[in-house]
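What follows is the content of data-v5.json, which has JSON, C-alpha atoms:
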[["chain", "number", "residue", "atom", "x", "y", "z"],
["G", 1, "MET", "CA", 23.51, 61.88, 7.16],
["G", 2, "MET", "CA", 20.62, 61.46, 4.74],
["G", 3, "VAL", "CA", 21.15, 57.91, 3.50],
["G", 4, "PRO", "CA", 19.32, 56.15, 6.40],
["G", 5, "VAL", "CA", 16.44, 58.60, 6.04],
["G", 6, "ALA", "CA", 16.33, 58.02, 2.28],
["G", 7, "LEU", "CA", 16.27, 54.27, 2.85],
["G", 8, "LEU", "CA", 13.39, 54.53, 5.30],
["G", 9, "LEU", "CA", 11.45, 56.72, 2.88],
["G", 10, "LEU", "CA", 12.17, 54.25, 0.07],
["G", 11, "GLY", "CA", 10.89, 51.41, 2.28],
["G", 12, "VAL", "CA", 7.67, 53.31, 3.00],
["G", 13, "LEU", "CA", 7.21, 54.10, -0.70],
["G", 14, "THR", "CA", 7.75, 50.46, -1.65],
["G", 15, "ALA", "CA", 5.35, 49.27, 1.06],
["G", 16, "VAL", "CA", 2.64, 51.63, -0.18],
["G", 17, "ALA", "CA", 3.12, 51.49, -3.95],
["G", 18, "GLY", "CA", 3.96, 47.79, -4.32],
["G", 19, "PRO", "CA", 0.64, 46.32, -3.14],
["G", 20, "ARG", "CA", -1.34, 48.97, -5.03],
["G", 21, "LEU", "CA", 0.43, 48.23, -8.30],
["G", 22, "LEU", "CA", -0.03, 44.51, -7.84],
["G", 23, "ALA", "CA", -3.72, 44.97, -6.99],
["G", 24, "ARG", "CA", -4.22, 46.84, -10.28],
["G", 25, "ALA", "CA", -2.26, 44.30, -12.34],
["G", 26, "ASP", "CA", -4.43, 42.09, -14.54],
["G", 27, "TRP", "CA", -1.92, 39.26, -14.94],
["G", 28, "THR", "CA", -1.55, 37.94, -11.37],
["G", 29, "ASP", "CA", -4.27, 35.30, -11.77],
["G", 30, "GLN", "CA", -2.76, 34.22, -15.08],
["G", 31, "GLU", "CA", 0.72, 33.78, -13.64],
["G", 32, "PRO", "CA", 0.44, 33.06, -9.90],
["G", 33, "VAL", "CA", 4.01, 31.78, -9.69],
["G", 34, "VAL", "CA", 5.36, 35.05, -11.09],
["G", 35, "ALA", "CA", 3.03, 36.97, -8.77],
["G", 36, "LEU", "CA", 4.39, 35.03, -5.79],
["G", 37, "TRP", "CA", 7.92, 35.99, -6.84],
["G", 38, "VAL", "CA", 7.00, 39.67, -7.27],
["G", 39, "TRP", "CA", 5.37, 39.79, -3.84],
["G", 40, "GLN", "CA", 8.44, 38.25, -2.24],
["G", 41, "CYS", "CA", 10.70, 40.78, -3.94],
["G", 42, "VAL", "CA", 8.55, 43.70, -2.77],
["G", 43, "VAL", "CA", 8.56, 42.52, 0.84],
["G", 44, "ALA", "CA", 12.27, 41.71, 0.66],
["G", 45, "ALA", "CA", 12.94, 45.26, -0.56],
["G", 46, "VAL", "CA", 10.99, 46.72, 2.37],
["G", 47, "LEU", "CA", 12.88, 44.58, 4.87],
["G", 48, "LEU", "CA", 16.21, 45.36, 3.18],
["G", 49, "CYS", "CA", 15.53, 49.10, 3.42],
["G", 50, "CYS", "CA", 15.00, 48.73, 7.15],
["G", 51, "ALA", "CA", 18.10, 46.54, 7.61],
["G", 52, "LEU", "CA", 20.40, 48.91, 5.70],
["G", 53, "SER", "CA", 19.01, 51.95, 7.47],
["G", 54, "MET", "CA", 19.56, 50.22, 10.81],
["G", 55, "THR", "CA", 23.16, 49.34, 9.88],
["G", 56, "LEU", "CA", 24.10, 52.87, 8.76],
["G", 57, "SER", "CA", 22.34, 54.45, 11.73],
["G", 58, "ALA", "CA", 24.23, 52.16, 14.10],
["G", 59, "ALA", "CA", 27.49, 53.01, 12.32],
["G", 60, "ALA", "CA", 26.75, 56.69, 12.82],
["G", 61, "ALA", "CA", 25.90, 56.28, 16.51],
["G", 62, "TRP", "CA", 28.69, 53.94, 17.66],
["G", 63, "LEU", "CA", 32.34, 53.88, 16.59],
["G", 64, "ALA", "CA", 32.63, 50.15, 17.22],
["G", 65, "VAL", "CA", 29.90, 49.41, 14.68],
["G", 66, "ARG", "CA", 31.39, 51.91, 12.24],
["G", 67, "GLY", "CA", 34.75, 50.16, 12.44],
["G", 68, "HIS", "CA", 33.17, 46.83, 11.47],
["G", 69, "VAL", "CA", 30.95, 48.20, 8.70],
["G", 70, "PHE", "CA", 33.67, 50.27, 7.04],
["G", 71, "ALA", "CA", 36.63, 48.10, 8.00],
["G", 72, "THR", "CA", 37.95, 47.77, 4.43],
["G", 73, "ALA", "CA", 36.64, 51.07, 3.03],
["G", 74, "PRO", "CA", 38.98, 53.98, 2.21],
["G", 75, "SER", "CA", 38.82, 56.99, 4.51],
["G", 76, "GLY", "CA", 37.25, 59.07, 1.77],
["G", 77, "VAL", "CA", 34.26, 56.71, 1.64],
["G", 78, "VAL", "CA", 33.68, 57.05, 5.37],
["G", 79, "ASP", "CA", 33.83, 60.84, 5.07],
["G", 80, "ALA", "CA", 31.28, 60.74, 2.23],
["G", 81, "TYR", "CA", 28.66, 59.32, 4.58],
["G", 82, "ALA", "CA", 29.19, 62.18, 7.07],
["G", 83, "LEU", "CA", 28.78, 59.81, 9.96],
["G", 84, "GLY", "CA", 30.05, 62.28, 12.54],
["G", 85, "THR", "CA", 27.35, 64.90, 11.87],
["G", 86, "THR", "CA", 24.40, 62.91, 13.14],
["G", 87, "GLY", "CA", 22.42, 63.70, 16.25],
["G", 88, "PRO", "CA", 20.95, 61.38, 18.87],
["G", 89, "TRP", "CA", 18.27, 60.23, 16.41],
["G", 90, "ALA", "CA", 20.76, 57.79, 14.83],
["G", 91, "ALA", "CA", 21.00, 55.66, 17.97],
["G", 92, "VAL", "CA", 17.23, 55.77, 18.46],
["G", 93, "THR", "CA", 16.61, 54.71, 14.85],
["G", 94, "ALA", "CA", 19.14, 51.89, 15.06],
["G", 95, "VAL", "CA", 17.71, 50.54, 18.31],
["G", 96, "ALA", "CA", 14.10, 50.78, 17.06],
["G", 97, "LEU", "CA", 14.88, 48.96, 13.80],
["G", 98, "ALA", "CA", 16.94, 46.34, 15.63],
["G", 99, "CYS", "CA", 14.04, 45.68, 17.99],
["G", 100, "ALA", "CA", 11.71, 45.37, 14.99],
["G", 101, "GLY", "CA", 14.08, 42.83, 13.43],
["G", 102, "LEU", "CA", 14.28, 40.79, 16.62],
["G", 103, "TRP", "CA", 10.50, 40.92, 16.93],
["G", 104, "SER", "CA", 10.14, 39.65, 13.35],
["G", 105, "GLY", "CA", 12.46, 36.74, 14.13],
["G", 106, "ALA", "CA", 10.50, 35.96, 17.29],
["G", 107, "MET", "CA", 7.22, 35.99, 15.36],
["G", 108, "LEU", "CA", 8.67, 33.60, 12.77],
["G", 109, "VAL", "CA", 9.84, 31.24, 15.50],
["G", 110, "ARG", "CA", 6.40, 31.42, 17.10],
["G", 111, "GLU", "CA", 4.68, 30.69, 13.80],
["G", 112, "VAL", "CA", 6.93, 27.71, 13.08],
["G", 113, "ALA", "CA", 6.37, 26.40, 16.61],
["G", 114, "ARG", "CA", 2.61, 26.71, 16.23],
["G", 115, "ALA", "CA", 2.73, 24.96, 12.86],
["G", 116, "ARG", "CA", 4.79, 22.14, 14.37],
["G", 117, "ALA", "CA", 2.32, 21.80, 17.25],
["G", 118, "ARG", "CA", -0.59, 21.67, 14.79],
["G", 119, "ARG", "CA", 1.23, 19.04, 12.76],
["G", 120, "ASN", "CA", 1.88, 16.95, 15.87],
["G", 121, "ARG", "CA", -1.80, 17.15, 16.82],
["G", 122, "GLN", "CA", -2.83, 16.13, 13.32],
["G", 123, "GLN", "CA", -0.41, 13.21, 13.34],
["G", 124, "ALA", "CA", -1.79, 12.09, 16.70],
["G", 125, "GLN", "CA", -5.31, 12.29, 15.29],
["G", 126, "LEU", "CA", -4.21, 10.28, 12.26],
["G", 127, "LEU", "CA", -2.79, 7.58, 14.52],
["G", 128, "LEU", "CA", -6.03, 7.58, 16.49],
["G", 129, "ARG", "CA", -8.22, 7.35, 13.38],
["G", 130, "SER", "CA", -6.01, 4.83, 11.62],
["G", 131, "PRO", "CA", -4.30, 2.81, 14.38],
["G", 132, "LEU", "CA", -1.73, 0.19, 13.62],
["G", 133, "LEU", "CA", -2.95, -3.36, 13.80],
["G", 134, "PRO", "CA", -1.27, -5.83, 16.19],
["G", 135, "GLY", "CA", 2.10, -6.73, 14.71],
["G", 136, "GLU", "CA", 1.92, -4.01, 12.07],
["G", 137, "GLU", "CA", 4.91, -1.68, 11.75],
["G", 138, "PRO", "CA", 4.69, 1.99, 10.69],
["G", 139, "ALA", "CA", 5.06, 2.33, 6.94],
["G", 140, "ASP", "CA", 6.92, 5.10, 5.11],
["G", 141, "GLY", "CA", 4.14, 5.57, 2.58],
["G", 142, "ARG", "CA", 3.18, 9.12, 1.65],
["G", 143, "LEU", "CA", -0.52, 8.33, 1.14],
["G", 144, "VAL", "CA", -2.89, 7.72, 4.04],
["G", 145, "VAL", "CA", -6.55, 6.79, 3.53],
["G", 146, "LEU", "CA", -8.94, 7.65, 6.36],
["G", 147, "GLU", "CA", -12.49, 6.60, 6.96],
["G", 148, "GLY", "CA", -14.63, 9.72, 6.66],
["G", 149, "GLU", "CA", -18.07, 10.80, 5.53],
["G", 150, "ARG", "CA", -16.85, 14.16, 4.18],
["G", 151, "PRO", "CA", -14.79, 14.15, 0.98],
["G", 152, "ASP", "CA", -11.47, 15.78, 1.76],
["G", 153, "ALA", "CA", -7.79, 15.68, 0.90],
["G", 154, "TRP", "CA", -4.89, 17.59, 2.37],
["G", 155, "TRP", "CA", -1.12, 17.55, 2.61],
["G", 156, "LEU", "CA", 0.54, 17.14, 6.00],
["G", 157, "PRO", "CA", 4.05, 18.69, 5.76],
["G", 158, "GLY", "CA", 6.98, 17.61, 7.87],
["G", 159, "ALA", "CA", 10.12, 15.50, 7.76],
["G", 160, "ALA", "CA", 8.02, 12.67, 6.28],
["G", 161, "PRO", "CA", 5.18, 14.52, 4.49],
["G", 162, "GLN", "CA", 1.97, 12.63, 3.90],
["G", 163, "LEU", "CA", -1.05, 13.07, 1.69],
["G", 164, "ILE", "CA", -4.32, 12.37, 3.50],
["G", 165, "VAL", "CA", -7.43, 11.30, 1.56],
["G", 166, "THR", "CA", -10.77, 10.30, 3.04],
["G", 167, "THR", "CA", -12.77, 7.33, 1.82],
["G", 168, "ALA", "CA", -15.62, 9.69, 0.90],
["G", 169, "ALA", "CA", -13.26, 11.49, -1.47],
["G", 170, "LEU", "CA", -12.26, 8.19, -3.05],
["G", 171, "ARG", "CA", -15.93, 7.31, -3.59],
["G", 172, "ARG", "CA", -16.88, 10.73, -4.98],
["G", 173, "LEU", "CA", -13.92, 11.59, -7.20],
["G", 174, "LYS", "CA", -14.22, 9.98, -10.60],
["G", 175, "GLY", "CA", -11.58, 9.02, -13.11],
["G", 176, "ARG", "CA", -8.64, 11.39, -13.17],
["G", 177, "GLN", "CA", -10.22, 13.75, -10.65],
["G", 178, "LEU", "CA", -8.42, 12.00, -7.81],
["G", 179, "ASP", "CA", -5.14, 12.31, -9.71],
["G", 180, "ALA", "CA", -5.79, 16.05, -10.09],
["G", 181, "VAL", "CA", -6.36, 16.44, -6.34],
["G", 182, "LEU", "CA", -3.17, 14.53, -5.59],
["G", 183, "ALA", "CA", -1.24, 16.66, -8.09],
["G", 184, "HIS", "CA", -2.61, 19.82, -6.47],
["G", 185, "GLU", "CA", -1.37, 18.79, -3.03],
["G", 186, "GLN", "CA", 1.96, 17.63, -4.44],
["G", 187, "GLY", "CA", 2.35, 21.05, -6.03],
["G", 188, "HIS", "CA", 2.11, 22.61, -2.57],
["G", 189, "ALA", "CA", 4.71, 20.22, -1.20],
["G", 190, "GLN", "CA", 7.21, 20.55, -4.06],
["G", 191, "ALA", "CA", 7.12, 24.37, -3.97],
["G", 192, "ARG", "CA", 7.35, 24.45, -0.14],
["G", 193, "HIS", "CA", 4.35, 26.74, 0.07],
["G", 194, "ASP", "CA", 4.17, 26.09, 3.80],
["G", 195, "TRP", "CA", 7.25, 28.25, 4.36],
["G", 196, "LEU", "CA", 5.76, 31.11, 2.35],
["G", 197, "LEU", "CA", 2.66, 30.92, 4.53],
["G", 198, "HIS", "CA", 4.73, 30.80, 7.73],
["G", 199, "CYS", "CA", 6.81, 33.87, 6.81],
["G", 200, "SER", "CA", 3.83, 35.92, 5.66],
["G", 201, "ALA", "CA", 1.83, 34.98, 8.76],
["G", 202, "ALA", "CA", 4.77, 35.91, 11.01],
["G", 203, "LEU", "CA", 5.11, 39.38, 9.47],
["G", 204, "ALA", "CA", 1.37, 40.03, 9.50],
["G", 205, "GLY", "CA", 1.02, 38.80, 13.07],
["G", 206, "GLY", "CA", 4.03, 40.71, 14.32],
["G", 207, "PHE", "CA", 3.14, 44.00, 12.63],
["G", 208, "PRO", "CA", -0.66, 44.09, 12.23],
["G", 209, "GLN", "CA", -0.63, 47.87, 11.76],
["G", 210, "ILE", "CA", 1.45, 47.64, 8.56],
["G", 211, "PRO", "CA", -0.90, 47.00, 5.59],
["G", 212, "VAL", "CA", 1.75, 45.61, 3.25],
["G", 213, "PHE", "CA", 2.34, 42.60, 5.52],
["G", 214, "ALA", "CA", -1.38, 41.84, 5.85],
["G", 215, "ALA", "CA", -1.76, 42.05, 2.07],
["G", 216, "PHE", "CA", 1.30, 39.82, 1.67],
["G", 217, "ARG", "CA", -0.26, 37.16, 3.92],
["G", 218, "ASP", "CA", -3.64, 37.27, 2.16],
["G", 219, "GLU", "CA", -2.11, 37.09, -1.31],
["G", 220, "MET", "CA", 0.17, 34.22, -0.33],
["G", 221, "HIS", "CA", -2.86, 32.17, 0.77],
["G", 222, "ARG", "CA", -4.65, 32.94, -2.48],
["G", 223, "LEU", "CA", -1.77, 32.63, -4.93],
["G", 224, "VAL", "CA", -0.39, 29.33, -3.61],
["G", 225, "GLU", "CA", -3.78, 27.75, -4.27],
["G", 226, "LEU", "CA", -3.85, 29.12, -7.81],
["G", 227, "ALA", "CA", -0.30, 27.89, -8.40],
["G", 228, "ALA", "CA", -1.20, 24.39, -7.15],
["G", 229, "ASP", "CA", -4.33, 24.43, -9.33],
["G", 230, "ASP", "CA", -2.13, 25.16, -12.34],
["G", 231, "VAL", "CA", 0.14, 22.23, -11.49],
["G", 232, "ALA", "CA", -2.87, 19.91, -11.43],
["G", 233, "SER", "CA", -4.49, 21.39, -14.54],
["G", 234, "ARG", "CA", -1.32, 21.09, -16.63],
["G", 235, "ARG", "CA", -1.11, 17.39, -15.79],
["G", 236, "HIS", "CA", -4.78, 16.41, -15.87],
["G", 237, "GLY", "CA", -6.68, 19.23, -17.56],
["G", 238, "ARG", "CA", -8.53, 22.30, -16.35],
["G", 239, "LEU", "CA", -11.99, 20.74, -16.55],
["G", 240, "THR", "CA", -10.93, 17.69, -14.56],
["G", 241, "THR", "CA", -9.35, 19.88, -11.86],
["G", 242, "ALA", "CA", -12.41, 22.14, -11.68],
["G", 243, "LEU", "CA", -14.75, 19.17, -11.34],
["G", 244, "ALA", "CA", -12.57, 17.73, -8.58],
["G", 245, "LEU", "CA", -12.80, 21.03, -6.68],
["G", 246, "VAL", "CA", -16.57, 21.02, -7.06],
["G", 247, "GLU", "CA", -16.89, 17.42, -5.88],
["G", 248, "LEU", "CA", -14.76, 18.09, -2.79],
["G", 249, "ASN", "CA", -16.52, 21.30, -1.76],
["G", 250, "GLU", "CA", -20.14, 21.21, -2.93],
["G", 251, "ASP", "CA", -21.38, 19.79, 0.40],
["G", 252, "ARG", "CA", -19.78, 22.65, 2.35],
["G", 253, "GLY", "CA", -22.05, 25.36, 1.00],
["G", 254, "VAL", "CA", -19.24, 27.28, -0.68],
["G", 255, "PHE", "CA", -21.26, 27.68, -3.89],
["G", 256, "GLY", "CA", -24.23, 29.25, -2.12],
["G", 257, "PRO", "CA", -25.11, 32.96, -1.90],
["G", 258, "GLY", "CA", -23.82, 33.47, 1.64],
["G", 259, "PRO", "CA", -20.16, 34.08, 2.58],
["G", 260, "THR", "CA", -18.17, 31.07, 3.77],
["G", 261, "PRO", "CA", -14.58, 30.48, 4.92],
["G", 262, "GLN", "CA", -13.95, 28.76, 1.55],
["G", 263, "ALA", "CA", -15.32, 31.62, -0.56],
["G", 264, "HIS", "CA", -12.25, 31.49, -2.80],
["G", 265, "VAL", "CA", -13.19, 28.05, -4.15],
["G", 266, "PRO", "CA", -15.87, 29.32, -6.61],
["G", 267, "GLN", "CA", -13.35, 31.85, -7.92],
["G", 268, "ARG", "CA", -10.81, 29.11, -8.45],
["G", 269, "VAL", "CA", -13.36, 26.96, -10.27],
["G", 270, "HIS", "CA", -14.37, 29.90, -12.47],
["G", 271, "ARG", "CA", -10.72, 30.60, -13.26],
["G", 272, "LEU", "CA", -10.12, 27.00, -14.28],
["G", 273, "LEU", "CA", -13.22, 26.89, -16.50],
["G", 274, "THR", "CA", -12.55, 30.21, -18.23],
["G", 275, "ALA", "CA", -8.98, 29.08, -18.97],
["G", 276, "PRO", "CA", -7.02, 32.38, -19.00],
["G", 277, "ASP", "CA", -4.18, 32.36, -21.49],
["G", 278, "ARG", "CA", -0.69, 32.39, -20.05],
["G", 279, "LEU", "CA", 1.50, 35.39, -20.66],
["G", 280, "PRO", "CA", 4.16, 35.02, -23.34],
["G", 281, "ALA", "CA", 7.45, 33.64, -22.09],
["G", 282, "ARG", "CA", 9.20, 36.93, -22.87],
["G", 283, "HIS", "CA", 6.65, 38.84, -20.78],
["G", 284, "ARG", "CA", 7.06, 36.42, -17.85],
["G", 285, "LEU", "CA", 10.82, 36.75, -18.04],
["G", 286, "ARG", "CA", 10.59, 40.53, -18.10],
["G", 287, "LEU", "CA", 8.33, 40.58, -15.04],
["G", 288, "THR", "CA", 10.62, 38.20, -13.17],
["G", 289, "ALA", "CA", 13.73, 40.21, -13.97],
["G", 290, "THR", "CA", 12.06, 43.52, -13.09],
["G", 291, "ALA", "CA", 10.92, 42.16, -9.74],
["G", 292, "ALA", "CA", 14.43, 40.86, -9.01],
["G", 293, "LEU", "CA", 15.74, 44.41, -9.43],
["G", 294, "VAL", "CA", 13.43, 45.82, -6.74],
["G", 295, "PRO", "CA", 15.56, 44.59, -3.78],
["G", 296, "VAL", "CA", 18.67, 45.90, -5.57],
["G", 297, "ILE", "CA", 17.44, 49.50, -5.38],
["G", 298, "PRO", "CA", 17.98, 49.85, -1.59],
["G", 299, "VAL", "CA", 21.52, 48.51, -2.00],
["G", 300, "LEU", "CA", 22.27, 51.09, -4.70],
["G", 301, "VAL", "CA", 20.83, 53.87, -2.54],
["G", 302, "ALA", "CA", 23.05, 52.79, 0.36],
["G", 303, "LEU", "CA", 26.10, 52.77, -1.91],
["G", 304, "VAL", "CA", 25.51, 56.14, -3.57],
["G", 305, "PRO", "CA", 28.00, 58.13, -1.37],
["G", 306, "SER", "CA", 30.73, 55.53, -1.77],
["G", 307, "LEU", "CA", 30.17, 55.26, -5.53],
["G", 308, "ARG", "CA", 30.42, 59.01, -5.87],
["G", 309, "THR", "CA", 33.68, 59.06, -3.93],
["G", 310, "LEU", "CA", 35.23, 56.17, -5.83],
["G", 311, "GLY", "CA", 34.01, 57.56, -9.13]]

With the file now loaded, output its structure as structure tokens.
Amino acid sequence: MMVPVALLLLGVLTAVAGPRLLARADWTDQEPVVALWVWQCVVAAVLLCCALSMTLSAAAAWLAVRGHVFATAPSGVVDAYALGTTGPWAAVTAVALACAGLWSGAMLVREVARARARRNRQQAQLLLRSPLLPGEEPADGRLVVLEGERPDAWWLPGAAPQLIVTTAALRRLKGRQLDAVLAHEQGHAQARHDWLLHCSAALAGGFPQIPVFAAFRDEMHRLVELAADDVASRRHGRLTTALALVELNEDRGVFGPGPTPQAHVPQRVHRLLTAPDRLPARHRLRLTATAALVPVIPVLVALVPSLRTLG
């Protein structure tokens, strides 16, 4: 039975070729939202190849699984897959892929648990830094202002998400710059970028030897910031957004010659100031539709024997 092997080879090819093609593309910085979608489709195709290969391998190894997978299929379709000609490798492949799937789920649960713990610590710190006055009740407001000497602003996700701004940021940001910062953080919240970061971090942490997952995590961190920058710049202008980024980060040494943890900030500022033109709507639609077809390919490969039989 060659279909599970073909699916695994297709998954490897997608995992190798997808990141390389995206790294060579010159439009990802122009259209970060489209690039986010393409990356998700590539990773979904890799995972779908593994899931389909696991399912067919399990059907070949165990009659009980075969009965469930092909419960409504004609006998000719089952014969087309040649499930009875497999050796012991089918069971090994199915068990290995199933373990990988369970491990991925465990890594996602761990990542979500860690994120929740970080959020709880941050909320406790917020309550410590901005305690309620005697007789004051907790408010449902989404904006919290903290006393702080460093200009900063960040979004705290959760059931009741909050936007945190320090008093130093309020003093430093001028005019519409504060509105641009708020729009940037709201862009993260509206697009639920935190879930993209959780999923990419879970895959990269669970399978550090697989380059596609590490590249997926790194690109998610970069592209979500570009996408949020675009949300702010469309509402308040590119220059205003770039100046707000500079005001928030110039005291952190990110614009110096040495490497820093926020080394991407100068690149974001340069991108905003150079104002790259957006791709035409037809081009964006074509890229989106092409990416959506990538996860369909493994399904078509898995259905080739049955389509031949029915045809």

In file coordinates, which residues lie within 12 Å of (27.9, 60.3, 6.8) using only C-alpha atoms, given as a VMD selection string?
chain G and resid 1 to 5 56 to 61 66 70 75 to 87 90 302 to 306

Near segment 206-216 of chain G, counting all atoms listed in the file, which residues have an atom at most 12 Å away, once you skip same-chain residues fewer than 2 positions from it, shown as a ChimeraX atom specification? /G:11-23,35-47,99-111,196-204,218-224

- Distance query Arg238 of chain G at most 10 Å, all atoms listed in the file, self and fewer than 2 positions along chain excluded, as a list in words: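 Contacts, in chain order: Ala180, Asp229, Asp230, Val231, Ala232, Ser233, Arg234, Arg235, His236, Thr240, Thr241, Ala242, Leu243, Ala244, Val269, Arg271, Leu272, Leu273, Thr274 and Ala275 of chain G.
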
TODO: Between atom CA of Gln162 of chain G and atom CA of Val181 of chain G, measure the distance and give it in Å to one decimal.
DONE: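 Between these atoms lies a distance of 13.7 Å.
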
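Using only C-alpha atoms, the shortest contact distance between Gln125 of chain G and any of G:Gly67, G:Ala73, G:Ile164, G:Ala153 is found at G:Ile164.
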
Can you tell me how far atom CA of Val34 of chain G sits from atom CA of His184 of chain G, in Å to one decimal?
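These atoms are spaced 17.8 Å apart.
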
- Message: Neighbouring residues of Glu147 of chain G were defined as those with any atom within 12 Å, considering all atoms listed in the file; residues of the same chain fewer than 4 positions away were excluded. Please report them as a list in words.
- Response: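 These residues fall inside the cut-off: Leu126, Leu128, Arg129, Ser130, Pro131, Pro151, Asp152, Ala153, Ile164, Val165, Thr166, Thr167, Ala168, Ala169, Leu170 and Arg171 of chain G.
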
Can you write just those residues out, C-alpha atoms, as a PDB file, in the frame of the given file?
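Contents of again_7.pdb, as written:
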ATOM      1  CA  LEU G 126      -4.210  10.280  12.260  1.00  0.00           C
ATOM      2  CA  LEU G 128      -6.030   7.580  16.490  1.00  0.00           C
ATOM      3  CA  ARG G 129      -8.220   7.350  13.380  1.00  0.00           C
ATOM      4  CA  SER G 130      -6.010   4.830  11.620  1.00  0.00           C
ATOM      5  CA  PRO G 131      -4.300   2.810  14.380  1.00  0.00           C
ATOM      6  CA  PRO G 151     -14.790  14.150   0.980  1.00  0.00           C
ATOM      7  CA  ASP G 152     -11.470  15.780   1.760  1.00  0.00           C
ATOM      8  CA  ALA G 153      -7.790  15.680   0.900  1.00  0.00           C
ATOM      9  CA  ILE G 164      -4.320  12.370   3.500  1.00  0.00           C
ATOM     10  CA  VAL G 165      -7.430  11.300   1.560  1.00  0.00           C
ATOM     11  CA  THR G 166     -10.770  10.300   3.040  1.00  0.00           C
ATOM     12  CA  THR G 167     -12.770   7.330   1.820  1.00  0.00           C
ATOM     13  CA  ALA G 168     -15.620   9.690   0.900  1.00  0.00           C
ATOM     14  CA  ALA G 169     -13.260  11.490  -1.470  1.00  0.00           C
ATOM     15  CA  LEU G 170     -12.260   8.190  -3.050  1.00  0.00           C
ATOM     16  CA  ARG G 171     -15.930   7.310  -3.590  1.00  0.00           C
TER      17      ARG G 171
END

Using only C-alpha atoms, the residue out of G:Ala115, G:Val69, G:Leu52, G:Gln122 with shortest distance to Val301 of chain G is G:Leu52

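Reported to one decimal place, the separation of atom CA of Pro161 of chain G from atom CA of Asp29 of chain G is 28.0 Å.
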